[in-house]
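*Asks:* My questions will all concern the structure given below.
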Amino acid sequence: MTFNWPHMLWLLLLLPLLILFYVLLMRRKKKSVLPFAQLGLVREALGRGQRWRRHVPPLLFLGALTAMLVAVARPVATITLPMQQETIILAMDVSGSMRAADVEPNRLEAAQAAAKAFLEDLPTYTKVGIVAFAATASVVQAPTTNREDLISAIDRFQLQRGTATGSGIVVSLATLFPRAGIDISSLIYGRDDPRRERDNENRPIGGQNGEAKEEFKPVPPGSYSSAAVILLSDGARTTGPDPLEAAKMAADRGVRVFTVGIGTKDGDTIGFEGWSMRVRLDEESLKGIAEMTRGEYFYAGSAVDLKKVYQTLNSRLTLEKRNTEVSALFAAAAALLATLAAALSLWWYGRVM
């Protein structure tokens with residue numbers, strides 16, 4: 001626990017003085033009592049309970065005063081609270097290397113199974129969108145709370161050539177910020193590429209047909225708490241924009257990108273239509289993306305590991321630790337103790353201490 005106004009804790013030094021004052025007051029009262037020969041008999045009649053309970057209300061009041069002085073110092077504690085994560089984008093690699101069988105039954109099927117289990121554990125109010133990327137990227141399911149639509153979209157994945165990790169991030173951002181006017185085609189193909197003019201599917205999202213385009217102002221990385229991107233990939237980028245440049249776009253918008261690397265450390269050899277190649281996991285790129293956006297990198301070397309990763313991500317995205325001022329809790333405790341002290345004093349002695 002920390003304190004916003006730690007200098008106010010010096011007031012706690014008043015408590016020993018109050019205790020000393022109370023002790024002196026009790027001694028003075030004892031001296032003021034007239035000598036009484038049968039005082040021992042009276043004490044025995046009253047019983048021990050009558051002697052100690054007179055100190056209970058003052059002790060409760062002392063506790064109330066302590067809690068009040070701590071509240072004045074504005075204590076701050078780290079508390080785990082539910083997050084109101086509104087939208088999560090699952091950016092899934094569907095490149096040809098996902099057919100590698102080093103993660104059983106293969107990387108793609110393991111990723112599909114883990115993603116569906118992840119959806120089942122998410123709160124029902126959280127919207128999820130799905131982006132698939134290979135040589136390019138596209139939205140296969142717009143953000144929705146309908147889990148059946150999401151599972152159907154995951155089941156429809158088809159393997160393609162190429163790995164454009166940066167494109168997956170760009171399309172995910174355009175899905176999260178539809179009015180930002182992100183020019184997807186220019187970012188994916190470059191402004192001079194003729195495919196930019198022919199690409200109707202990946203045209204800029206938002207800011208068209210007279211729709212007002214939101215003004216962009218960079219924010220601190222990781223500060224946008226309403227959405228996050230989970231990016232799963234198994235290989236190095238072979239085409240598309242630089243993943244770190246795309247990660248910089250996410251960082252400037254405060255969006256955290258959690259990256260998941262799937263595949264064994266040694267990789268695997270895959271063959272298709274007469275050719276074969278060795279596919280290895282590019283951890284450095286995925287770690288860089290996560291670090292830049294204040295996300296986190298997870299390694300999954302097996303189907304079991306992948307399910308555990310998604311379980312961990314679920315807890316990361318539904319619960320978060322926050323530094324929260326808890327002055328109100330101490331103030332409430334002070335009020336409760338003071339009320340209890342006054343009530344006991346009235347009950348036992350007919351007066352407030």
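Identifiers in the structure tokens: chain A, B, ... in order shown; residue index from 1 per chain; ligand index from 1 in order shown.
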Near A:Leu306, counting only C-alpha atoms, which residues have an atom at most 12 Å away, once you skip same-chain residues fewer than 3 positions from it, shown as a VMD selection string?
*Replies:* chain A and resid 103 to 104 107 to 118 232 to 233 259 to 264 298 to 303 309 to 313
*Asks:* Pick out the residues sitting within 7 Å of stretch 216-224 of chain A, and hand them over as a ChimeraX atom specification; count only C-alpha atoms, and ignore anything fewer than 2 positions along from it in its own chain.
*Replies:* /A:214,226-227,251-256,293-294
*Asks:* Mind writing the picked residues with C-alpha atoms as a short mmCIF file (atom, residue, chain, number, x, y, z; two decimals), in the first residue's frame?
*Replies:*
```cif
data_model
loop_
_atom_site.label_atom_id
_atom_site.label_comp_id
_atom_site.auth_asym_id
_atom_site.auth_seq_id
_atom_site.Cartn_x
_atom_site.Cartn_y
_atom_site.Cartn_z
CA GLU A 214 -12.10 11.15 -36.52
CA SER A 226 -11.87 -0.84 -24.27
CA ALA A 227 -10.26 -3.19 -26.79
CA ALA A 251 0.76 1.62 -29.72
CA ASP A 252 -0.12 5.18 -30.83
CA ARG A 253 -3.79 4.27 -30.44
CA GLY A 254 -3.23 2.73 -27.01
CA VAL A 255 -4.25 -0.76 -28.19
CA ARG A 256 -2.41 -3.66 -26.59
CA THR A 293 2.15 -2.13 -27.49
CA ARG A 294 2.45 -2.98 -23.76
#
```
*Asks:* Return the single residue from A:Gly63, A:Gly162, A:Pro241, A:Gly168 that is closest to A:Phe133, with distances computed using only C-alpha atoms.
*Replies:*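 Distance minimum relative to A:Phe133 lands on A:Gly168.
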*Asks:* Pick the closest to A:Gly96 from A:Gly235, A:Ile151, A:Leu12, A:Leu18: which is it, counting only C-alpha atoms?
*Replies:*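 Smallest distance to A:Gly96 is found for A:Gly235.
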*Asks:* Based on the backbone DSSP call, show me all residues of stretch 62-99 of chain A assigned helix (DSSP H, G or I), as a ChimeraX atom specification.
*Replies:* /A:62-72,96-99
*Asks:* Any idea what the distance is between atom CA of A:Met8 and atom CA of A:Ala73?
*Replies:* 5.1 Å
